[in-house]
>>> print(open('final-v3.tsv').read())   # TSV, C-alpha atoms and all ligand atoms
chain	number	residue	atom	x	y	z
A	158	MET	CA	-6.09	19.57	27.25
A	159	GLU	CA	-3.25	17.09	26.86
A	160	ASN	CA	-5.49	14.05	27.05
A	161	LYS	CA	-7.98	15.35	24.52
A	162	ASP	CA	-8.67	12.90	21.69
A	163	ILE	CA	-7.65	14.04	18.23
A	164	THR	CA	-10.15	13.08	15.54
A	165	VAL	CA	-9.39	13.52	11.85
A	166	LEU	CA	-11.30	13.20	8.62
A	167	ALA	CA	-9.05	11.50	6.05
A	168	ILE	CA	-9.47	11.42	2.27
A	169	GLU	CA	-7.70	9.16	-0.27
A	170	SER	CA	-8.09	9.28	-4.06
A	171	SER	CA	-4.60	8.56	-5.45
A	172	CYS	CA	-5.58	5.68	-7.76
A	173	ASP	CA	-8.85	3.82	-8.25
A	174	GLU	CA	-10.47	3.87	-4.80
A	175	THR	CA	-12.45	6.88	-3.61
A	176	ALA	CA	-12.11	6.69	0.15
A	177	ALA	CA	-12.83	8.64	3.34
A	178	ALA	CA	-12.45	7.73	7.00
A	179	VAL	CA	-12.74	9.13	10.50
A	180	VAL	CA	-9.86	8.12	12.79
A	181	VAL	CA	-9.24	8.90	16.47
A	182	ASN	CA	-5.67	9.31	17.78
A	183	GLY	CA	-4.23	7.63	14.69
A	184	ARG	CA	-5.33	4.18	15.83
A	185	ARG	CA	-9.09	3.93	16.34
A	186	VAL	CA	-11.15	3.80	13.14
A	187	LEU	CA	-14.69	5.11	13.49
A	188	SER	CA	-15.48	4.68	9.80
A	189	ASN	CA	-13.62	3.58	6.68
A	190	ILE	CA	-15.63	4.00	3.47
A	191	ILE	CA	-14.12	2.72	0.23
A	192	SER	CA	-15.80	3.10	-3.14
A	193	SER	CA	-13.87	0.92	-5.56
A	194	GLN	CA	-13.73	1.56	-9.30
A	195	ILE	CA	-12.33	-1.89	-10.11
A	196	ASP	CA	-15.45	-2.99	-12.02
A	197	ILE	CA	-14.99	-0.13	-14.49
A	198	HIS	CA	-11.21	-0.37	-14.94
A	199	LYS	CA	-11.19	-4.15	-15.36
A	200	LEU	CA	-13.01	-3.67	-18.66
A	201	TYR	CA	-9.78	-2.02	-19.90
A	202	GLY	CA	-7.30	-4.40	-18.22
A	203	GLY	CA	-5.92	-1.71	-15.89
A	204	VAL	CA	-6.56	1.71	-14.37
A	205	VAL	CA	-7.48	4.36	-16.96
A	206	PRO	CA	-6.36	7.64	-15.30
A	207	GLU	CA	-8.96	9.93	-16.83
A	208	ILE	CA	-11.83	7.58	-15.96
A	209	ALA	CA	-10.45	7.35	-12.42
A	210	SER	CA	-10.54	11.17	-12.02
A	211	ARG	CA	-14.10	11.37	-13.36
A	212	LYS	CA	-15.34	8.63	-11.03
A	213	HIS	CA	-13.64	10.27	-8.04
A	214	ILE	CA	-15.38	13.59	-8.71
A	215	GLU	CA	-18.75	11.82	-8.94
A	216	ARG	CA	-18.32	9.94	-5.70
A	217	ILE	CA	-16.12	11.92	-3.36
A	218	ASN	CA	-18.74	14.04	-1.60
A	219	GLN	CA	-20.99	11.08	-0.96
A	220	VAL	CA	-18.11	8.98	0.36
A	221	ILE	CA	-17.08	11.79	2.75
A	222	GLN	CA	-20.68	12.20	3.94
A	223	GLU	CA	-20.93	8.47	4.56
A	224	ALA	CA	-17.66	8.44	6.53
A	225	LEU	CA	-18.89	11.23	8.80
A	226	SER	CA	-22.35	9.78	9.28
A	227	GLU	CA	-21.11	6.24	9.95
A	228	ALA	CA	-18.72	7.68	12.55
A	229	ASP	CA	-21.65	9.68	13.96
A	230	ARG	CA	-19.57	12.86	13.74
A	231	THR	CA	-19.84	16.17	11.93
A	232	LEU	CA	-17.12	18.21	10.26
A	233	ASP	CA	-17.23	20.45	13.33
A	234	ASP	CA	-16.06	17.54	15.51
A	235	MET	CA	-12.90	17.09	13.43
A	236	ASP	CA	-9.51	18.44	14.52
A	237	ALA	CA	-8.06	18.29	11.02
A	238	VAL	CA	-8.72	17.28	7.43
A	239	CYS	CA	-6.01	14.91	6.13
A	240	VAL	CA	-5.59	14.08	2.46
A	241	THR	CA	-3.24	12.09	0.24
A	242	TYR	CA	-1.38	14.56	-2.01
A	243	GLY	CA	1.07	12.11	-3.63
A	244	PRO	CA	2.38	9.93	-5.06
A	245	GLY	CA	-0.32	8.77	-7.45
A	246	LEU	CA	-2.24	9.74	-10.56
A	247	VAL	CA	-2.33	13.53	-10.76
A	248	GLY	CA	-5.94	13.91	-11.88
A	249	ALA	CA	-7.09	11.42	-9.26
A	250	LEU	CA	-5.10	13.07	-6.45
A	251	LEU	CA	-6.43	16.52	-7.38
A	252	VAL	CA	-10.01	15.44	-6.65
A	253	GLY	CA	-9.19	14.47	-3.05
A	254	VAL	CA	-6.93	17.47	-2.53
A	255	GLY	CA	-9.60	19.83	-3.90
A	256	ALA	CA	-12.31	18.32	-1.68
A	257	ALA	CA	-10.08	18.47	1.42
A	258	LYS	CA	-9.18	22.11	0.76
A	259	ALA	CA	-12.83	23.07	0.35
A	260	LEU	CA	-13.74	21.35	3.65
A	261	SER	CA	-10.77	22.92	5.43
A	262	TYR	CA	-11.64	26.39	4.09
A	263	ALA	CA	-15.33	26.09	4.91
A	264	SER	CA	-14.78	24.73	8.43
A	265	GLY	CA	-11.58	26.52	9.41
A	266	LYS	CA	-10.05	23.12	10.33
A	267	PRO	CA	-6.33	22.61	9.61
A	268	LEU	CA	-5.35	20.85	6.38
A	269	VAL	CA	-2.71	18.11	6.54
A	270	GLY	CA	-1.29	16.64	3.32
A	271	VAL	CA	-0.23	13.00	3.68
A	272	HIS	CA	2.23	10.84	1.73
A	273	HIS	CA	0.43	7.77	0.34
A	274	ILE	CA	3.24	5.34	1.24
A	275	GLU	CA	3.43	6.78	4.74
A	276	GLY	CA	-0.28	5.92	4.88
A	277	HIS	CA	0.35	2.30	3.83
A	278	ILE	CA	3.03	1.92	6.52
A	279	SER	CA	0.77	3.54	9.14
A	280	ALA	CA	-2.00	0.98	8.50
A	281	ASN	CA	0.09	-1.16	10.85
A	282	TYR	CA	-0.63	1.24	13.74
A	283	ILE	CA	-4.34	0.59	13.34
A	284	ALA	CA	-4.04	-3.18	13.26
A	285	ASN	CA	-1.46	-3.32	16.06
A	286	PRO	CA	-2.17	-0.77	18.80
A	287	GLU	CA	1.02	-1.69	20.63
A	288	LEU	CA	3.32	-1.13	17.62
A	289	GLU	CA	5.71	1.82	17.87
A	290	PRO	CA	8.83	2.75	15.88
A	291	PRO	CA	11.51	1.73	15.28
A	292	PHE	CA	10.59	-1.15	13.01
A	293	LEU	CA	11.35	-2.44	9.53
A	294	CYS	CA	8.56	-2.29	6.95
A	295	LEU	CA	8.28	-3.93	3.55
A	296	VAL	CA	5.96	-1.82	1.41
A	297	ALA	CA	4.74	-3.73	-1.65
A	298	SER	CA	1.95	-2.19	-3.68
A	299	GLY	CA	0.93	-1.73	-7.30
A	300	GLY	CA	3.23	1.25	-7.76
A	301	HIS	CA	5.93	0.77	-5.11
A	302	SER	CA	8.24	-1.78	-3.51
A	303	HIS	CA	10.33	-0.35	-0.68
A	304	LEU	CA	12.21	-1.67	2.31
A	305	VAL	CA	12.08	1.06	4.92
A	306	ILE	CA	13.25	1.48	8.51
A	307	VAL	CA	10.65	3.53	10.36
A	308	ARG	CA	13.00	5.31	12.78
A	309	ASP	CA	10.25	7.37	14.39
A	310	TYR	CA	6.76	8.51	13.45
A	311	GLY	CA	7.14	10.08	10.01
A	312	GLU	CA	10.91	9.42	9.86
A	313	TYR	CA	12.06	6.91	7.30
A	314	GLU	CA	15.34	5.41	6.21
A	315	ILE	CA	14.92	3.80	2.81
A	316	LEU	CA	17.13	0.72	2.53
A	317	GLY	CA	15.95	-0.61	-0.82
A	318	ARG	CA	13.49	-0.11	-3.63
A	319	THR	CA	12.59	-1.73	-6.92
A	320	ARG	CA	14.78	-1.04	-9.93
A	321	ASP	CA	11.93	-1.66	-12.39
A	322	ASP	CA	8.44	-3.08	-11.82
A	323	ALA	CA	6.77	-2.90	-8.43
A	324	ALA	CA	5.78	-6.27	-6.94
A	325	GLY	CA	2.05	-5.64	-7.49
A	326	GLU	CA	2.71	-4.52	-11.06
A	327	ALA	CA	4.46	-7.85	-11.74
A	328	PHE	CA	1.45	-9.72	-10.30
A	329	ASP	CA	-0.88	-7.69	-12.54
A	330	LYS	CA	1.21	-8.24	-15.70
A	331	VAL	CA	1.63	-11.98	-15.14
A	332	ALA	CA	-2.10	-12.31	-14.43
A	333	ARG	CA	-2.85	-10.61	-17.73
A	334	ALA	CA	-0.46	-13.01	-19.54
A	335	ILE	CA	-2.25	-16.06	-18.17
A	336	GLY	CA	-5.64	-14.53	-18.92
A	337	LEU	CA	-6.80	-13.79	-15.37
A	338	GLY	CA	-7.67	-10.11	-15.83
A	339	TYR	CA	-7.30	-7.06	-13.57
A	340	PRO	CA	-6.38	-6.71	-10.74
A	341	GLY	CA	-4.07	-9.68	-10.98
A	342	GLY	CA	-2.76	-9.98	-7.43
A	343	PRO	CA	-5.85	-11.46	-5.78
A	344	LYS	CA	-6.47	-13.75	-8.79
A	345	ILE	CA	-2.92	-15.15	-8.79
A	346	ASP	CA	-3.16	-15.57	-5.02
A	347	LYS	CA	-6.33	-17.66	-5.43
A	348	LEU	CA	-5.21	-19.72	-8.44
A	349	SER	CA	-1.84	-20.47	-6.76
A	350	ARG	CA	-3.62	-22.54	-4.13
A	351	GLU	CA	-4.39	-25.09	-6.87
A	352	GLY	CA	-0.85	-25.12	-8.29
A	353	ASN	CA	2.60	-26.45	-7.39
A	354	PRO	CA	4.98	-23.65	-6.33
A	355	GLY	CA	7.95	-25.86	-7.15
A	356	ALA	CA	6.77	-26.78	-10.68
A	357	ILE	CA	8.75	-24.12	-12.58
A	358	ASP	CA	12.00	-22.56	-11.44
A	359	PHE	CA	11.50	-18.85	-12.18
A	360	PRO	CA	14.47	-16.53	-11.45
A	361	ARG	CA	15.04	-14.74	-8.14
A	362	ALA	CA	16.79	-11.50	-9.01
A	363	ALA	CA	19.63	-10.17	-6.87
A	364	ILE	CA	21.32	-6.85	-7.60
A	365	ASP	CA	25.10	-6.59	-7.14
A	366	GLY	CA	26.01	-4.20	-4.36
A	367	ALA	CA	22.38	-3.44	-3.49
A	368	PRO	CA	21.19	-6.39	-1.40
A	369	TYR	CA	17.92	-4.74	-0.36
A	370	ASP	CA	16.84	-3.58	-3.83
A	371	PHE	CA	14.32	-5.50	-5.89
A	372	SER	CA	13.86	-6.26	-9.56
A	373	PHE	CA	10.72	-8.00	-10.79
A	374	SER	CA	10.89	-7.43	-14.53
A	375	GLY	CA	13.10	-10.54	-14.99
A	376	VAL	CA	10.67	-12.94	-13.36
A	377	LYS	CA	7.79	-11.35	-15.29
A	378	SER	CA	9.67	-11.85	-18.61
A	379	ALA	CA	10.57	-15.41	-17.62
A	380	VAL	CA	6.87	-16.20	-17.18
A	381	LEU	CA	6.03	-14.66	-20.57
A	382	ASN	CA	8.88	-16.60	-22.22
A	383	TYR	CA	7.75	-19.83	-20.57
A	384	ILE	CA	4.20	-19.39	-21.89
A	385	ASN	CA	5.42	-18.46	-25.39
A	386	GLY	CA	7.81	-21.43	-25.39
A	387	CYS	CA	5.00	-23.83	-24.51
A	388	ARG	CA	2.73	-22.34	-27.17
A	389	MET	CA	5.39	-22.58	-29.88
A	390	LYS	CA	6.09	-26.21	-29.02
A	391	GLY	CA	2.36	-26.90	-28.87
A	392	GLU	CA	2.75	-28.08	-25.27
A	393	ALA	CA	0.01	-27.68	-22.70
A	394	TYR	CA	0.83	-25.69	-19.57
A	395	SER	CA	-0.83	-25.31	-16.21
A	396	GLU	CA	-1.91	-21.77	-15.35
A	397	ALA	CA	-2.13	-22.78	-11.69
A	398	ASP	CA	1.48	-24.07	-11.66
A	399	ILE	CA	2.68	-20.87	-13.39
A	400	ALA	CA	0.80	-18.70	-10.88
A	401	ALA	CA	2.08	-20.68	-7.88
A	402	SER	CA	5.69	-20.79	-9.13
A	403	PHE	CA	5.71	-17.08	-10.02
A	404	GLN	CA	4.21	-16.17	-6.65
A	405	GLU	CA	6.78	-18.35	-4.88
A	406	ALA	CA	9.65	-16.58	-6.71
A	407	VAL	CA	8.35	-13.11	-5.79
A	408	VAL	CA	7.49	-13.98	-2.18
A	409	GLU	CA	10.86	-15.65	-1.60
A	410	VAL	CA	12.72	-12.51	-2.70
A	411	LEU	CA	10.48	-10.22	-0.63
A	412	VAL	CA	10.92	-12.36	2.49
A	413	ASP	CA	14.68	-12.99	2.04
A	414	HIS	CA	15.52	-9.32	1.47
A	415	THR	CA	13.42	-8.28	4.46
A	416	MET	CA	15.08	-10.85	6.74
A	417	LEU	CA	18.55	-9.79	5.55
A	418	ALA	CA	17.78	-6.11	6.19
A	419	ALA	CA	16.44	-6.89	9.68
A	420	LYS	CA	19.53	-8.94	10.53
A	421	ASP	CA	22.02	-6.41	9.14
A	422	HIS	CA	20.36	-3.54	11.01
A	423	GLY	CA	19.66	-5.36	14.26
A	424	ILE	CA	15.92	-4.78	14.00
A	425	THR	CA	13.58	-7.24	15.67
A	426	ARG	CA	10.20	-5.82	14.64
A	427	VAL	CA	9.06	-6.42	11.08
A	428	ALA	CA	5.90	-5.18	9.35
A	429	ILE	CA	4.41	-5.45	5.86
A	430	ALA	CA	2.17	-2.98	4.02
A	431	GLY	CA	0.60	-2.20	0.62
A	432	GLY	CA	-1.77	-4.18	-1.59
A	433	VAL	CA	0.62	-7.12	-2.04
A	434	ALA	CA	0.62	-7.52	1.76
A	435	CYS	CA	-2.85	-9.12	1.24
A	436	ASN	CA	-1.10	-12.03	-0.43
A	437	GLY	CA	-1.63	-15.26	1.48
A	438	ALA	CA	1.79	-16.72	0.65
A	439	LEU	CA	3.58	-13.49	1.60
A	440	ARG	CA	1.70	-13.21	4.90
A	441	ALA	CA	2.45	-16.85	5.76
A	442	GLY	CA	6.05	-16.74	4.49
A	443	MET	CA	6.92	-13.57	6.37
A	444	GLU	CA	5.24	-14.79	9.53
A	445	SER	CA	7.17	-18.05	9.58
A	446	ALA	CA	10.51	-16.37	8.72
A	447	CYS	CA	9.94	-13.91	11.57
A	448	ARG	CA	9.08	-16.73	13.94
A	449	GLU	CA	12.28	-18.61	12.99
A	450	ASN	CA	14.36	-15.49	13.62
A	451	ASN	CA	12.51	-14.52	16.78
A	452	TYR	CA	11.24	-11.25	15.32
A	453	SER	CA	7.85	-9.76	16.13
A	454	PHE	CA	5.71	-9.64	13.00
A	455	TYR	CA	2.97	-7.12	12.18
A	456	MET	CA	0.56	-6.93	9.28
A	457	PRO	CA	-2.59	-4.90	8.65
A	458	THR	CA	-5.90	-6.68	7.99
A	459	PRO	CA	-6.34	-7.12	4.20
A	460	VAL	CA	-8.81	-4.21	3.88
A	461	LEU	CA	-6.18	-1.89	5.41
A	462	CYS	CA	-3.45	-3.21	3.05
A	463	THR	CA	-5.08	-2.04	-0.19
A	464	ASP	CA	-5.86	1.65	-0.70
A	465	ASN	CA	-8.09	3.13	2.00
A	466	ALA	CA	-8.44	6.40	3.92
A	467	ALA	CA	-8.12	5.01	7.48
A	468	MET	CA	-4.38	4.56	6.85
A	469	ILE	CA	-4.19	8.20	5.72
A	470	GLY	CA	-5.91	9.20	8.98
A	471	ALA	CA	-3.33	7.19	10.96
A	472	ALA	CA	-0.37	8.82	9.18
A	473	GLY	CA	-2.09	12.23	9.20
A	474	TYR	CA	-2.57	12.10	12.96
A	475	TYR	CA	1.18	11.78	13.56
A	476	GLU	CA	1.91	14.56	11.04
A	477	PHE	CA	-0.70	16.76	12.75
A	478	LYS	CA	0.89	16.09	16.16
A	479	LYS	CA	4.29	17.09	14.76
A	480	GLY	CA	2.77	20.41	13.71
A	481	VAL	CA	2.50	19.77	9.97
A	482	ARG	CA	-0.09	22.11	8.40
A	483	HIS	CA	-0.63	22.75	4.72
A	484	GLY	CA	-1.97	25.92	3.15
A	485	LEU	CA	-4.75	26.23	0.61
A	486	ASP	CA	-2.03	26.26	-2.06
A	487	LEU	CA	-1.44	22.52	-1.46
A	488	ASN	CA	-1.04	20.80	-4.82
A	489	ALA	CA	-1.04	17.16	-5.93
A	490	VAL	CA	2.53	15.82	-6.30
A	491	PRO	CA	2.35	12.69	-8.49
A	492	ASN	CA	5.97	11.63	-7.84
A	493	LEU	CA	6.19	12.72	-4.20
A	494	LYS	CA	9.26	11.14	-2.55
A	495	LEU	CA	9.29	9.52	0.85
A	496	GLU	CA	11.63	11.94	2.66
A	497	PRO	CA	14.61	10.17	4.20
A	498	VAL	CA	15.64	10.97	7.78
A	499	SER	CA	17.73	14.16	7.66
B	501	LIG	O1	-1.64	-0.60	-2.32
B	501	LIG	P1	-2.54	-0.81	-3.49
B	501	LIG	O2	-4.02	-1.00	-3.21
B	501	LIG	O3	-2.43	0.36	-4.52
B	501	LIG	C1	-1.23	1.03	-4.79
B	501	LIG	O4	-0.89	1.96	-4.01
B	501	LIG	O5	-0.58	0.64	-5.78
B	501	LIG	O6	-1.96	-2.08	-4.26
B	501	LIG	C2	-2.58	-2.62	-5.37
B	501	LIG	C3	-1.74	-3.78	-5.85
B	501	LIG	C4	-2.19	-4.35	-7.17
B	501	LIG	O7	-1.06	-4.50	-8.00
B	501	LIG	C5	-2.78	-5.69	-6.78
B	501	LIG	O8	-2.67	-6.68	-7.79
B	501	LIG	C6	-1.92	-6.06	-5.57
B	501	LIG	O9	-1.78	-4.85	-4.88
B	501	LIG	N1	-2.61	-7.05	-4.73
B	501	LIG	C7	-2.14	-8.29	-4.51
B	501	LIG	C8	-3.11	-8.95	-3.72
B	501	LIG	N2	-4.13	-8.07	-3.48
B	501	LIG	C9	-3.80	-6.91	-4.10
B	501	LIG	N3	-1.00	-8.88	-4.91
B	501	LIG	C10	-0.82	-10.17	-4.54
B	501	LIG	N4	-1.71	-10.88	-3.82
B	501	LIG	C11	-2.86	-10.31	-3.39
B	501	LIG	N5	-3.73	-11.03	-2.67
B	502	ZN	ZN	-1.56	2.31	-2.38
>>> encode(input="final-v3.tsv", output="C-alpha cells", more="lines below")
Ligand code: KG4
Ligand code: ZN
Amino acid sequence: MENKDITVLAIESSCDETAAAVVVNGRRVLSNIISSQIDIHKLYGGVVPEIASRKHIERINQVIQEALSEADRTLDDMDAVCVTYGPGLVGALLVGVGAAKALSYASGKPLVGVHHIEGHISANYIANPELEPPFLCLVASGGHSHLVIVRDYGEYEILGRTRDDAAGEAFDKVARAIGLGYPGGPKIDKLSREGNPGAIDFPRAAIDGAPYDFSFSGVKSAVLNYINGCRMKGEAYSEADIAASFQEAVVEVLVDHTMLAAKDHGITRVAIAGGVACNGALRAGMESACRENNYSFYMPTPVLCTDNAAMIGAAGYYEFKKGVRHGLDLNAVPNLKLEPVS
C-alpha cells in the first residue's frame, strides 16, 4: 500500500491559460495540456477578465479530456482531482473550480484546492527530481513577486514581496510603452538581445528596512519618462537599448535580493519560478550568481514557468499527502494568501 503511486488530475484556469495535466507522485508528468488565450487578449493589450472566463468555459472539458487521453488514463485511475482556487481572476478561477467539483462529485475522488503560487514553486519539483525543501525560491510572475523560503512541502516563510507592480507586470507595461504588445515579457527578452544593457542607467529600487522587498513602479516610470523626454526633444531612441537596459535593471534587483536573502538565511539551494523565470537574462544571471556563491541552482523548463496544470498537480500531490481535502463548497478566492509557517 505504501509504495502505491499517487496519480492526480490537475486543473488550472486562474488567468488566460486553460490547462489540465496528469501527474504521478508530484514529479512525473504524464500529460500537460495548455490552451492559451493569448491570441484573443493581445487584441486588447492585456487580459480581459470576462473574455477569459468565457474562453475557459468553452475549452475546459476538452482540455481535461485531452489530458486524460494523452496520459492514457481515465478519471477512475485518479487518486484525486486538484484545482487552482486562488489567487487569480475570480470568473476564470470559478470555471476550473466548478469543473473539478463536478468531476470529484461524479467520480467520488477527493477534491484538493491548490494555491497558484504554491503551484509555481512546485514546478521546480518536476524539473529537478532530486530537489527537496528547504530552499529559497524567487517567484516572479505577472501578478506576483515574492522571495520565499520553502521550509517544507507546503510550508512557506515569506521574506519579501513587491510593494507595487509585479516584475512581469513591469515587463508588460514597458513593452506596451515601446510598442511591443502583449505579453511583453517574451518580447522584451527577445529584443534585449539586440540592445546594450548598459546604454541607459535605469533605477534599481531599494526599500529602507525591507531588503528583500521589491518595487518596480519606479523603473517602469523611468522608462516612460525617458521615452517622453526623447520625443519632446525630437531625439531618436533605440527600443532595443531601452528593453535591454530595463531588463538589466529588473534582473539585477531580482538576483541581488535573492543572493542577499540566501546569504542572510544560510540557504544554499536557490530556485526560481513564475512566468518571468522564462527570462533568458534572469536565468543566466541567477545561475552565474549561484555558481559564484557555491549555491545549487534550480529552475523549471520554460513551459513549466508560465501558467500550466502540471505544477498544480505537483503542489496538489503534496497537499493530498498531508491530508488536505476540500468539500464541494470550495469557492474561488481571488486574493488567496500564501500561508506563512505557523
Ligand atoms: O506565471 P505567469 O504565466 O502568470 C501569472 O501567474 O501571472 O506569468 C506571466 C508573466 C507575464 O507578465 C509575462 O510577460 C511574463 O510572465 N513573462 C516574461 C517572460 N515570459 C513570460 N517576463 C520576462 N521574460 C520572459 N521571457
Ligand atoms: Zn501564474
>>> residues_near_ligand(input="final-v3.tsv", ligand="ligand LIG 501 (chain B)", cutoff="9 Å", atoms="all atoms listed in the file", output="JSON, numbers by chain")
{"A": [171, 172, 173, 174, 244, 245, 273, 274, 277, 296, 297, 298, 299, 300, 301, 323, 324, 325, 326, 327, 328, 329, 330, 332, 339, 340, 341, 342, 343, 344, 345, 346, 347, 404, 430, 431, 432, 433, 434, 435, 436, 437, 438, 439, 459, 461, 462, 463, 464, 465]}
>>> residues_around(input="final-v3.tsv", residues="Pro457 in chain A", least_positions_apart="3", cutoff="8 Å", atoms="all atoms listed in the file", output="list in words")
Ala280, Asn281, Ile283, Ala284, Asn285, Ile429, Ala430, Val460, Leu461 and Cys462 of chain A
>>> residues_around(input="final-v3.tsv", residues="Gln219 in chain A", least_positions_apart="2", cutoff="12 Å", atoms="only C-alpha atoms", output="number ranges by chain")
A: 168, 175-177, 190-192, 212-217, 221-227, 256
>>> residues_around(input="final-v3.tsv", residues="Asp370 in chain A", least_positions_apart="2", cutoff="6 Å", atoms="all atoms listed in the file", output="list in words")
Gly317, Arg318, Thr319, Ala367 and Pro368 of chain A
>>> write_last_selection(input="final-v3.tsv", atoms="C-alpha atoms", output="PDB file, in the frame of the given file")
ATOM      1  CA  GLY A 317      15.950  -0.610  -0.820  1.00  0.00           C
ATOM      2  CA  ARG A 318      13.490  -0.110  -3.630  1.00  0.00           C
ATOM      3  CA  THR A 319      12.590  -1.730  -6.920  1.00  0.00           C
ATOM      4  CA  ALA A 367      22.380  -3.440  -3.490  1.00  0.00           C
ATOM      5  CA  PRO A 368      21.190  -6.390  -1.400  1.00  0.00           C
TER       6      PRO A 368
END
>>> closest_residue(input="final-v3.tsv", among="A:Met235, A:Leu288, A:Ala363, A:Ala379", to="Ser402 in chain A", atoms="all atoms listed in the file")
A:Ala379
>>> residues_near_point(input="final-v3.tsv", point="(10.6, -5.0, 14.1)", cutoff="9 Å", atoms="all atoms listed in the file", output="PDB file with C-alpha atoms, in the coordinates of the input")
ATOM      1  CA  LEU A 288       3.320  -1.130  17.620  1.00  0.00           C
ATOM      2  CA  PRO A 290       8.830   2.750  15.880  1.00  0.00           C
ATOM      3  CA  PRO A 291      11.510   1.730  15.280  1.00  0.00           C
ATOM      4  CA  PHE A 292      10.590  -1.150  13.010  1.00  0.00           C
ATOM      5  CA  LEU A 293      11.350  -2.440   9.530  1.00  0.00           C
ATOM      6  CA  CYS A 294       8.560  -2.290   6.950  1.00  0.00           C
ATOM      7  CA  ILE A 306      13.250   1.480   8.510  1.00  0.00           C
ATOM      8  CA  ALA A 419      16.440  -6.890   9.680  1.00  0.00           C
ATOM      9  CA  ILE A 424      15.920  -4.780  14.000  1.00  0.00           C
ATOM     10  CA  THR A 425      13.580  -7.240  15.670  1.00  0.00           C
ATOM     11  CA  ARG A 426      10.200  -5.820  14.640  1.00  0.00           C
ATOM     12  CA  VAL A 427       9.060  -6.420  11.080  1.00  0.00           C
ATOM     13  CA  ALA A 428       5.900  -5.180   9.350  1.00  0.00           C
ATOM     14  CA  TYR A 452      11.240 -11.250  15.320  1.00  0.00           C
ATOM     15  CA  SER A 453       7.850  -9.760  16.130  1.00  0.00           C
ATOM     16  CA  PHE A 454       5.710  -9.640  13.000  1.00  0.00           C
ATOM     17  CA  TYR A 455       2.970  -7.120  12.180  1.00  0.00           C
TER      18      TYR A 455
END
>>> atom_distance(input="final-v3.tsv", atom1="CA of Ile469 in chain A", atom2="CA of Val412 in chain A")
25.7 Å
>>> residues_around(input="final-v3.tsv", residues="Tyr394 in chain A", least_positions_apart="3", cutoff="12 Å", atoms="all atoms listed in the file", output="PyMOL selection string")
chain A and resi 335+352+356-357+380+383-391+397-400
>>> atom_distance(input="final-v3.tsv", atom1="CA of Val271 in chain A", atom2="CA of Val204 in chain A")
22.2 Å
>>> atom_distance(input="final-v3.tsv", atom1="CA of Val269 in chain A", atom2="CA of Leu495 in chain A")
15.8 Å
>>> closest_residue(input="final-v3.tsv", among="A:His198, A:Lys266, A:His272, A:Arg333", to="ligand ZN 502 (chain B)", atoms="all atoms listed in the file")
A:His272
>>> closest_residue(input="final-v3.tsv", among="A:Arg440, A:Lys377, A:Arg230, A:Lys258", to="Leu485 in chain A", atoms="only C-alpha atoms")
A:Lys258
>>> closest_residue(input="final-v3.tsv", among="A:Ser210, A:Ser264, A:Asn218, A:Ser279", to="ligand ZN 502 (chain B)", atoms="all atoms listed in the file")
A:Ser279
>>> closest_residue(input="final-v3.tsv", among="A:Arg482, A:Arg308, A:Lys199, A:Arg361", to="Phe403 in chain A", atoms="all atoms listed in the file")
A:Arg361
>>> closest_residue(input="final-v3.tsv", among="A:Asp233, A:Asp365, A:Glu275, A:Glu287", to="ligand ZN 502 (chain B)", atoms="only C-alpha atoms and all ligand atoms")
A:Glu275
>>> residues_near_point(input="final-v3.tsv", point="(-9.7, 25.3, 6.9)", cutoff="9 Å", atoms="only C-alpha atoms", output="list in words")
Ala237, Val238, Ala257, Lys258, Ala259, Leu260, Ser261, Tyr262, Ala263, Ser264, Gly265, Lys266, Pro267, Leu268, Gly484 and Leu485 of chain A
